[in-house]
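Next up, run-v3.txt (compact mmCIF, C-alpha atoms):
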```txt
# COMPACT_ATOMS: atom_id res chain seq x y z
CA MET A 188 72.68 111.59 113.49
CA LEU A 189 70.35 110.90 110.60
CA LEU A 190 71.42 107.62 108.96
CA LYS A 191 70.53 108.43 105.37
CA GLY A 192 70.34 105.53 102.96
CA LYS A 193 71.43 107.31 99.78
CA GLU A 194 75.06 107.46 100.87
CA VAL A 195 75.01 103.74 101.68
CA ALA A 196 73.30 102.85 98.40
CA ASN A 197 75.84 104.87 96.41
CA SER A 198 78.70 102.97 98.04
CA ILE A 199 77.07 99.61 97.21
CA ASN A 200 76.38 100.74 93.64
CA GLU A 201 79.99 101.82 93.08
CA GLU A 202 81.26 98.39 94.14
CA SER A 203 78.68 96.66 91.93
CA ILE A 204 79.68 98.73 88.89
CA LYS A 205 83.35 97.78 89.37
CA LYS A 206 82.42 94.09 89.45
CA VAL A 207 80.10 94.41 86.43
CA ASN A 208 82.90 95.96 84.39
CA GLU A 209 85.25 93.16 85.42
CA LEU A 210 82.65 90.55 84.47
CA LYS A 211 81.95 92.11 81.09
CA GLU A 212 85.67 92.07 80.31
CA LYS A 213 85.44 88.30 80.77
CA GLY A 214 82.36 88.04 78.55
CA ILE A 215 79.80 87.73 81.35
CA THR A 216 76.85 90.13 81.65
CA PRO A 217 75.02 89.77 84.98
CA THR A 218 71.36 89.07 84.24
CA LEU A 219 68.29 89.22 86.46
CA ALA A 220 64.99 87.52 85.67
CA ILE A 221 61.99 89.22 87.27
CA VAL A 222 58.96 86.93 87.44
CA ARG A 223 55.62 88.73 87.73
CA VAL A 224 52.16 87.15 87.70
CA GLY A 225 49.41 89.58 86.69
CA GLU A 226 49.36 93.37 86.82
CA ASN A 227 49.32 94.21 90.53
CA GLU A 228 50.35 97.86 90.90
CA SER A 229 52.69 97.27 93.86
CA ASP A 230 54.45 94.54 91.85
CA LEU A 231 54.74 96.85 88.85
CA SER A 232 56.23 99.60 91.01
CA TYR A 233 58.81 97.28 92.55
CA GLU A 234 59.65 95.87 89.12
CA ARG A 235 60.15 99.36 87.68
CA ASN A 236 62.47 100.36 90.53
CA ALA A 237 64.51 97.15 90.29
CA THR A 238 64.76 97.45 86.50
CA LYS A 239 65.87 101.08 86.73
CA LYS A 240 68.58 100.24 89.28
CA CYS A 241 69.82 97.33 87.15
CA ASN A 242 70.06 99.60 84.12
CA GLU A 243 72.08 102.14 86.12
CA ILE A 244 74.58 99.51 87.19
CA GLY A 245 74.82 97.59 83.92
CA VAL A 246 72.82 94.49 84.82
CA ASN A 247 70.53 92.98 82.17
CA VAL A 248 66.89 92.35 83.06
CA ASN A 249 64.56 89.72 81.62
CA ASN A 250 60.99 90.63 82.57
CA ILE A 251 58.96 87.41 82.71
CA VAL A 252 55.31 88.49 82.72
CA LEU A 253 52.80 85.69 83.29
CA ASP A 254 49.03 85.76 83.05
CA LYS A 255 47.27 86.02 86.42
CA GLU A 256 45.49 82.75 85.58
CA ILE A 257 48.56 80.87 84.37
CA GLU A 258 48.28 77.12 84.83
CA TYR A 259 49.96 75.71 87.93
CA GLU A 260 52.21 73.38 85.93
CA LYS A 261 53.27 76.09 83.46
CA PHE A 262 54.22 78.42 86.30
CA TYR A 263 56.60 75.89 87.83
CA GLN A 264 57.92 74.94 84.40
CA THR A 265 58.87 78.61 83.98
CA LEU A 266 60.78 78.53 87.27
CA ASP A 267 62.47 75.27 86.25
CA THR A 268 63.62 76.87 83.01
CA LEU A 269 65.08 79.87 84.85
CA ASN A 270 66.74 77.69 87.48
CA ASN A 271 68.48 75.72 84.71
CA ASP A 272 69.38 78.64 82.43
CA ASP A 273 73.09 79.45 82.91
CA SER A 274 72.61 82.91 81.37
CA ILE A 275 70.30 83.88 84.25
CA HIS A 276 72.25 84.73 87.40
CA GLY A 277 69.44 85.90 89.66
CA ILE A 278 65.69 85.36 89.96
CA LEU A 279 63.33 87.82 91.61
CA MET A 280 59.82 86.41 92.05
CA LEU A 281 57.30 89.10 92.95
CA ARG A 282 55.04 87.95 95.77
CA PRO A 283 52.46 87.28 97.01
CA LEU A 284 51.37 85.10 94.14
CA PRO A 285 47.76 84.05 93.49
CA LYS A 286 46.91 81.53 96.21
CA TYR A 287 46.37 78.62 93.80
CA LEU A 288 50.05 78.74 92.83
CA ASP A 289 51.05 77.83 96.42
CA ASN A 290 53.15 80.68 97.78
CA GLU A 291 54.97 78.43 100.23
CA LYS A 292 56.07 75.99 97.52
CA ALA A 293 57.11 78.83 95.23
CA ARG A 294 59.16 80.48 97.97
CA LYS A 295 61.25 77.33 98.31
CA TYR A 296 61.47 76.57 94.59
CA ILE A 297 64.12 79.01 93.38
CA ALA A 298 67.69 77.64 93.33
CA ALA A 299 69.71 79.04 96.25
CA ASN A 300 72.49 80.35 94.00
CA LYS A 301 69.91 82.42 92.08
CA ASP A 302 67.64 83.36 94.99
CA ILE A 303 68.83 86.97 95.17
CA ASP A 304 65.93 88.01 97.42
CA GLY A 305 66.74 85.37 100.06
CA CYS A 306 63.27 83.83 100.27
CA SER A 307 64.03 80.10 99.93
CA ASP A 308 64.70 77.71 102.80
CA ASN A 309 68.22 77.08 101.49
CA SER A 310 69.05 80.79 101.51
CA LEU A 311 67.70 81.18 105.04
CA ALA A 312 69.66 78.09 106.11
CA GLY A 313 72.81 79.79 104.85
CA ILE A 314 72.16 82.66 107.27
CA PHE A 315 71.45 80.40 110.24
CA THR A 316 74.56 78.28 109.60
CA ASN A 317 76.71 81.26 108.52
CA THR A 318 77.95 79.24 105.54
CA GLY A 319 77.27 81.78 102.78
CA LEU A 320 74.78 79.54 100.99
CA GLY A 321 72.47 81.72 98.90
CA PHE A 322 71.77 85.34 99.79
CA PRO A 323 70.04 87.00 102.76
CA PRO A 324 66.74 88.84 102.32
CA CYS A 325 67.55 92.24 100.81
CA THR A 326 65.83 94.39 103.43
CA ALA A 327 67.54 92.57 106.29
CA GLU A 328 70.91 93.03 104.63
CA ALA A 329 70.13 96.70 103.95
CA ALA A 330 69.71 97.26 107.69
CA ILE A 331 73.09 95.63 108.33
CA LYS A 332 74.74 97.64 105.54
CA ILE A 333 73.58 100.90 107.14
CA LEU A 334 75.10 99.94 110.49
CA GLU A 335 78.36 98.97 108.78
CA HIS A 336 78.55 102.09 106.62
CA TYR A 337 78.14 104.43 109.57
CA ASN A 338 80.62 102.43 111.67
CA ILE A 339 78.06 101.48 114.31
CA ASP A 340 79.71 98.55 116.04
CA VAL A 341 77.42 95.67 117.03
CA VAL A 342 80.01 93.44 118.74
CA GLY A 343 78.82 92.73 122.27
CA LYS A 344 76.00 95.28 121.93
CA ASN A 345 72.46 94.64 123.09
CA VAL A 346 70.30 94.65 119.97
CA VAL A 347 66.52 94.37 120.17
CA VAL A 348 64.71 93.25 117.01
CA LEU A 349 61.01 94.10 116.94
CA GLY A 350 59.41 91.52 114.65
CA ARG A 351 60.00 87.87 113.78
CA SER A 352 59.13 87.56 110.08
CA LEU A 353 61.21 85.52 107.63
CA VAL A 354 61.75 88.70 105.62
CA ILE A 355 63.26 90.85 108.39
CA GLY A 356 63.06 89.80 112.02
CA LYS A 357 64.49 86.29 111.99
CA PRO A 358 67.19 86.73 109.32
CA VAL A 359 68.45 90.09 110.62
CA SER A 360 68.65 88.57 114.10
CA MET A 361 70.84 85.73 112.84
CA MET A 362 73.00 88.13 110.83
CA LEU A 363 73.56 90.21 113.96
CA LEU A 364 74.39 87.10 115.98
CA ASN A 365 76.93 86.17 113.31
CA LYS A 366 78.50 89.58 113.95
CA ASN A 367 78.68 88.85 117.70
CA ALA A 368 75.82 91.05 118.85
CA THR A 369 73.60 89.98 121.75
CA VAL A 370 70.13 89.79 120.25
CA THR A 371 66.65 89.84 121.77
CA ILE A 372 63.64 89.25 119.51
CA CYS A 373 60.32 90.79 120.52
CA HIS A 374 56.95 90.06 118.90
CA THR A 375 53.22 90.54 119.41
CA LYS A 376 53.15 88.16 122.38
CA THR A 377 56.10 89.79 124.19
CA LYS A 378 55.11 91.50 127.44
CA ASN A 379 56.37 94.94 128.50
CA VAL A 380 58.30 95.49 125.30
CA PHE A 381 59.30 99.03 126.26
CA GLU A 382 61.17 97.68 129.30
CA ILE A 383 63.26 95.52 126.95
CA THR A 384 63.87 98.21 124.33
CA ASN A 385 64.99 100.69 126.99
CA LYS A 386 67.92 98.38 127.77
CA ALA A 387 69.02 98.17 124.13
CA ASP A 388 71.95 99.82 122.39
CA ILE A 389 70.39 99.27 118.96
CA ILE A 390 66.75 98.71 118.01
CA ILE A 391 65.68 97.23 114.66
CA CYS A 392 62.02 98.19 114.17
CA ALA A 393 60.16 95.78 111.88
CA THR A 394 56.74 95.56 113.50
CA GLY A 395 54.72 96.46 110.42
CA ALA A 396 52.63 98.73 112.65
CA MET A 397 52.92 102.36 111.56
CA GLU A 398 54.34 104.78 114.17
CA SER A 399 53.88 102.18 116.91
CA ILE A 400 57.27 102.93 118.53
CA ASN A 401 57.14 106.19 120.47
CA LYS A 402 59.33 107.96 123.05
CA ASP A 403 58.43 105.42 125.77
CA TYR A 404 60.40 102.72 123.94
CA VAL A 405 63.69 104.58 123.61
CA LYS A 406 66.43 106.34 125.55
CA GLN A 407 69.40 108.57 124.83
CA GLY A 408 72.42 107.08 123.08
CA GLN A 409 70.51 104.45 121.08
CA THR A 410 70.61 103.68 117.36
CA ILE A 411 67.23 103.09 115.70
CA ILE A 412 66.92 101.28 112.36
CA ASP A 413 63.35 101.74 111.12
CA VAL A 414 62.47 99.12 108.52
CA GLY A 415 58.74 99.89 108.33
CA ILE A 416 57.08 101.90 105.59
CA SER A 417 53.38 102.78 105.40
CA TRP A 418 51.25 105.51 103.90
CA ASN A 419 49.89 107.78 106.62
CA GLN A 420 46.53 108.97 105.33
CA THR A 421 46.23 111.65 108.00
CA LYS A 422 49.69 113.13 107.43
CA GLN A 423 49.59 112.42 103.69
CA LYS A 424 53.12 111.03 103.68
CA LEU A 425 55.14 107.83 104.09
CA CYS A 426 55.94 106.91 107.68
CA GLY A 427 57.84 104.12 109.40
CA ASP A 428 57.22 101.96 112.46
CA VAL A 429 58.73 104.76 114.57
CA LEU A 430 56.94 107.95 115.58
CA PHE A 431 59.83 109.98 114.22
CA GLU A 432 59.03 113.39 115.69
CA GLU A 433 58.96 111.93 119.22
CA VAL A 434 61.90 109.54 118.94
CA GLU A 435 64.43 111.46 116.83
CA PRO A 436 65.17 114.18 119.44
CA ILE A 437 65.97 111.52 122.06
CA VAL A 438 68.15 108.93 120.33
CA GLU A 439 71.69 109.27 118.97
CA ASN A 440 71.13 107.77 115.51
CA ILE A 441 68.02 107.01 113.46
CA THR A 442 67.11 106.12 109.88
CA PRO A 443 64.52 108.33 108.19
CA VAL A 444 61.43 107.05 106.37
CA PRO A 445 61.51 107.46 103.46
CA GLY A 446 65.19 107.74 102.61
CA GLY A 447 66.55 105.10 104.98
CA VAL A 448 66.48 101.30 104.76
CA GLY A 449 64.16 101.24 101.76
CA SER A 450 66.51 103.31 99.65
CA VAL A 451 69.29 100.76 100.22
CA THR A 452 67.26 97.62 99.56
CA THR A 453 67.18 97.80 95.75
CA SER A 454 70.94 98.40 95.61
CA VAL A 455 71.44 95.30 97.75
CA LEU A 456 69.17 93.32 95.42
CA VAL A 457 71.21 94.27 92.36
CA SER A 458 74.48 93.62 94.19
CA HIS A 459 73.26 90.07 94.81
CA VAL A 460 72.76 89.54 91.07
CA VAL A 461 76.27 90.82 90.42
CA GLU A 462 77.71 88.65 93.19
CA ALA A 463 75.91 85.57 91.81
CA ALA A 464 77.54 86.18 88.43
CA TYR A 465 80.87 87.06 90.01
CA LYS A 466 81.00 83.68 91.73
CA LEU A 467 81.25 82.07 88.28
CA ILE A 468 84.73 83.49 87.75
CA ASN A 469 85.87 82.76 91.28
CA LYS A 470 85.02 79.09 91.61
```

Would you mind writing the structure in this file as structure tokens?
Amino acid sequence: MLLKGKEVANSINEESIKKVNELKEKGITPTLAIVRVGENESDLSYERNATKKCNEIGVNVNNIVLDKEIEYEKFYQTLDTLNNDDSIHGILMLRPLPKYLDNEKARKYIAANKDIDGCSDNSLAGIFTNTGLGFPPCTAEAAIKILEHYNIDVVGKNVVVLGRSLVIGKPVSMMLLNKNATVTICHTKTKNVFEITNKADIIICATGAMESINKDYVKQGQTIIDVGISWNQTKQKLCGDVLFEEVEPIVENITPVPGGVGSVTTSVLVSHVVEAAYKLINK
């Protein structure tokens, strides 16, 4: 079965709209601040998509556009202001930032209750401790939402996660553990990966290497969640980490690229803003 993301995104959006309407009845309008430094085209594209989704759901957006040569102190003063502004419920900081701004410090700087992209240490700690502190990274949660929507049970299942980044691999592994899956993490130093993946019930592909997972890595009956997305110059189209034409005929379930995990991620992002605001009336 093709695990299309649009159906999942629509379900998330419907729930978000219900909560937005409830919040507005109580005088609260969920508001997202998007912090962008400079005019990088990939940042602009992501900002446009996030803004469009917010508008569809009824979430306000404050676009904070900073000069690419903004002073170090002024940049962090801007984040301090947003952290302390009660009218701002979520902060999305577009990264990577210019190196002089210290990407690692900036990642940790956003308050956990407003870190709707799950990049800070406090947000990640909430995943590892399963305490609900902050929010998980949106792409990792999108992968989980797809499994949940299509009723693919992970309890007791062997799940192999290909990749160990803080954006996908590590957080999605912890989220799966919290749902009682048995998780194996593979990475660039893992030997004989295909022997491990062939024993899996579910494979989360987040290698960042386009079409690196072929038929040798899979078997019948598996579910494949392909998180990767790259432009294939030869094929002139977007492709994932999975060589789709080889893998799709073998496995039971697979997400397409595009139209899979990526199409759910922005809806998850906006749902986090709504949830951050919603917590104000449920303290």

For CA of Thr394 in chain A and CA of Asp289 in chain A, the interatomic separation in Å (one decimal): 25.3 Å

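Distances from A:Ile339, A:Leu353, A:Met361, A:Ile390 to Thr316 in chain A were compared using all atoms listed in the file, and the smallest one belongs to A:Met361.
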
Given the point (47.1, 90.8, 89.7) in the file's coordinates, find the residues that have an atom at most 12 Å from it, counting only C-alpha atoms, and give them as a compact mmCIF listing (two decimals) with C-alpha atoms, keeping the file's coordinate frame.
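File part_17.txt, as written:
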```txt
# COMPACT_ATOMS: atom_id res chain seq x y z
CA ARG A 223 55.62 88.73 87.73
CA VAL A 224 52.16 87.15 87.70
CA GLY A 225 49.41 89.58 86.69
CA GLU A 226 49.36 93.37 86.82
CA ASN A 227 49.32 94.21 90.53
CA GLU A 228 50.35 97.86 90.90
CA SER A 229 52.69 97.27 93.86
CA ASP A 230 54.45 94.54 91.85
CA LEU A 231 54.74 96.85 88.85
CA VAL A 252 55.31 88.49 82.72
CA LEU A 253 52.80 85.69 83.29
CA ASP A 254 49.03 85.76 83.05
CA LYS A 255 47.27 86.02 86.42
CA GLU A 256 45.49 82.75 85.58
CA ILE A 257 48.56 80.87 84.37
CA LEU A 281 57.30 89.10 92.95
CA ARG A 282 55.04 87.95 95.77
CA PRO A 283 52.46 87.28 97.01
CA LEU A 284 51.37 85.10 94.14
CA PRO A 285 47.76 84.05 93.49
CA LYS A 286 46.91 81.53 96.21
```

d(CA of Asp428 in chain A, CA of Ile416 in chain A) in Å: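 Pair CA of Asp428 in chain A / CA of Ile416 in chain A returns 6.9 Å.
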
Distance of CA of Ala293 in chain A from CA of Gln264 in chain A, expressed in Å to one decimal place: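 Spanning CA of Gln264 in chain A to CA of Ala293 in chain A is a straight-line distance of 11.5 Å.
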
Nearest-residue call for Asp273 in chain A, choices A:Leu219, A:Ala368, A:Leu311, A:Ile331, using all atoms listed in the file: A:Leu219

Completion step: range 211-222 of chain A with all heavy atoms as a PDB file, keeping the file's coordinate frame:
```
ATOM      1  N   LYS A 211      82.157  91.903  82.522  1.00  0.00           N
ATOM      2  CA  LYS A 211      81.950  92.110  81.090  1.00  0.00           C
ATOM      3  C   LYS A 211      83.259  91.954  80.310  1.00  0.00           C
ATOM      4  O   LYS A 211      83.245  91.513  79.152  1.00  0.00           O
ATOM      5  CB  LYS A 211      81.329  93.493  80.857  1.00  0.00           C
ATOM      6  CG  LYS A 211      79.859  93.543  81.291  1.00  0.00           C
ATOM      7  CD  LYS A 211      79.191  94.865  80.969  1.00  0.00           C
ATOM      8  CE  LYS A 211      77.706  94.810  81.329  1.00  0.00           C
ATOM      9  NZ  LYS A 211      77.004  96.082  81.044  1.00  0.00           N
ATOM     10  N   GLU A 212      84.377  92.288  80.939  1.00  0.00           N
ATOM     11  CA  GLU A 212      85.670  92.070  80.310  1.00  0.00           C
ATOM     12  C   GLU A 212      85.931  90.584  80.073  1.00  0.00           C
ATOM     13  O   GLU A 212      86.692  90.208  79.185  1.00  0.00           O
ATOM     14  CB  GLU A 212      86.793  92.658  81.171  1.00  0.00           C
ATOM     15  CG  GLU A 212      86.847  94.184  81.160  1.00  0.00           C
ATOM     16  CD  GLU A 212      87.909  94.725  82.090  1.00  0.00           C
ATOM     17  OE1 GLU A 212      88.614  93.899  82.736  1.00  0.00           O
ATOM     18  OE2 GLU A 212      88.039  95.954  82.183  1.00  0.00           O
ATOM     19  N   LYS A 213      85.283  89.755  80.884  1.00  0.00           N
ATOM     20  CA  LYS A 213      85.440  88.300  80.770  1.00  0.00           C
ATOM     21  C   LYS A 213      84.274  87.677  80.003  1.00  0.00           C
ATOM     22  O   LYS A 213      84.106  86.454  79.989  1.00  0.00           O
ATOM     23  CB  LYS A 213      85.552  87.682  82.163  1.00  0.00           C
ATOM     24  CG  LYS A 213      86.790  88.146  82.927  1.00  0.00           C
ATOM     25  CD  LYS A 213      86.867  87.488  84.292  1.00  0.00           C
ATOM     26  CE  LYS A 213      88.087  87.996  85.062  1.00  0.00           C
ATOM     27  NZ  LYS A 213      89.359  87.627  84.405  1.00  0.00           N
ATOM     28  N   GLY A 214      83.450  88.529  79.383  1.00  0.00           N
ATOM     29  CA  GLY A 214      82.360  88.040  78.550  1.00  0.00           C
ATOM     30  C   GLY A 214      81.107  87.640  79.290  1.00  0.00           C
ATOM     31  O   GLY A 214      80.248  86.934  78.736  1.00  0.00           O
ATOM     32  N   ILE A 215      80.976  88.078  80.546  1.00  0.00           N
ATOM     33  CA  ILE A 215      79.800  87.730  81.350  1.00  0.00           C
ATOM     34  C   ILE A 215      79.006  88.999  81.657  1.00  0.00           C
ATOM     35  O   ILE A 215      79.549  89.971  82.193  1.00  0.00           O
ATOM     36  CB  ILE A 215      80.200  87.058  82.674  1.00  0.00           C
ATOM     37  CG1 ILE A 215      80.962  85.764  82.416  1.00  0.00           C
ATOM     38  CG2 ILE A 215      78.958  86.778  83.539  1.00  0.00           C
ATOM     39  CD1 ILE A 215      81.587  85.163  83.658  1.00  0.00           C
ATOM     40  N   THR A 216      77.724  89.014  81.302  1.00  0.00           N
ATOM     41  CA  THR A 216      76.850  90.130  81.650  1.00  0.00           C
ATOM     42  C   THR A 216      75.864  89.657  82.708  1.00  0.00           C
ATOM     43  O   THR A 216      75.018  88.795  82.425  1.00  0.00           O
ATOM     44  CB  THR A 216      76.074  90.640  80.417  1.00  0.00           C
ATOM     45  OG1 THR A 216      77.006  91.080  79.433  1.00  0.00           O
ATOM     46  CG2 THR A 216      75.169  91.795  80.811  1.00  0.00           C
ATOM     47  N   PRO A 217      75.956  90.177  83.934  1.00  0.00           N
ATOM     48  CA  PRO A 217      75.020  89.770  84.980  1.00  0.00           C
ATOM     49  C   PRO A 217      73.572  90.000  84.533  1.00  0.00           C
ATOM     50  O   PRO A 217      73.256  91.064  83.985  1.00  0.00           O
ATOM     51  CB  PRO A 217      75.375  90.689  86.156  1.00  0.00           C
ATOM     52  CG  PRO A 217      76.773  91.119  85.900  1.00  0.00           C
ATOM     53  CD  PRO A 217      76.908  91.196  84.404  1.00  0.00           C
ATOM     54  N   THR A 218      72.735  89.002  84.750  1.00  0.00           N
ATOM     55  CA  THR A 218      71.360  89.070  84.240  1.00  0.00           C
ATOM     56  C   THR A 218      70.374  88.648  85.327  1.00  0.00           C
ATOM     57  O   THR A 218      70.537  87.603  85.961  1.00  0.00           O
ATOM     58  CB  THR A 218      71.186  88.168  83.011  1.00  0.00           C
ATOM     59  OG1 THR A 218      72.112  88.594  81.990  1.00  0.00           O
ATOM     60  CG2 THR A 218      69.781  88.248  82.458  1.00  0.00           C
ATOM     61  N   LEU A 219      69.352  89.478  85.499  1.00  0.00           N
ATOM     62  CA  LEU A 219      68.290  89.220  86.460  1.00  0.00           C
ATOM     63  C   LEU A 219      66.998  88.892  85.728  1.00  0.00           C
ATOM     64  O   LEU A 219      66.614  89.591  84.789  1.00  0.00           O
ATOM     65  CB  LEU A 219      68.064  90.463  87.338  1.00  0.00           C
ATOM     66  CG  LEU A 219      66.815  90.465  88.241  1.00  0.00           C
ATOM     67  CD1 LEU A 219      66.920  89.386  89.319  1.00  0.00           C
ATOM     68  CD2 LEU A 219      66.612  91.842  88.874  1.00  0.00           C
ATOM     69  N   ALA A 220      66.330  87.836  86.159  1.00  0.00           N
ATOM     70  CA  ALA A 220      64.990  87.520  85.670  1.00  0.00           C
ATOM     71  C   ALA A 220      63.977  87.945  86.738  1.00  0.00           C
ATOM     72  O   ALA A 220      64.073  87.515  87.884  1.00  0.00           O
ATOM     73  CB  ALA A 220      64.853  86.038  85.375  1.00  0.00           C
ATOM     74  N   ILE A 221      63.055  88.810  86.357  1.00  0.00           N
ATOM     75  CA  ILE A 221      61.990  89.220  87.270  1.00  0.00           C
ATOM     76  C   ILE A 221      60.705  88.522  86.843  1.00  0.00           C
ATOM     77  O   ILE A 221      60.232  88.702  85.712  1.00  0.00           O
ATOM     78  CB  ILE A 221      61.781  90.746  87.253  1.00  0.00           C
ATOM     79  CG1 ILE A 221      63.065  91.476  87.650  1.00  0.00           C
ATOM     80  CG2 ILE A 221      60.644  91.137  88.199  1.00  0.00           C
ATOM     81  CD1 ILE A 221      62.960  93.002  87.625  1.00  0.00           C
ATOM     82  N   VAL A 222      60.164  87.707  87.743  1.00  0.00           N
ATOM     83  CA  VAL A 222      58.960  86.930  87.440  1.00  0.00           C
ATOM     84  C   VAL A 222      57.757  87.626  88.085  1.00  0.00           C
ATOM     85  O   VAL A 222      57.695  87.774  89.305  1.00  0.00           O
ATOM     86  CB  VAL A 222      59.079  85.487  87.979  1.00  0.00           C
ATOM     87  CG1 VAL A 222      57.808  84.697  87.658  1.00  0.00           C
ATOM     88  CG2 VAL A 222      60.302  84.803  87.390  1.00  0.00           C
TER      89      VAL A 222
END
```
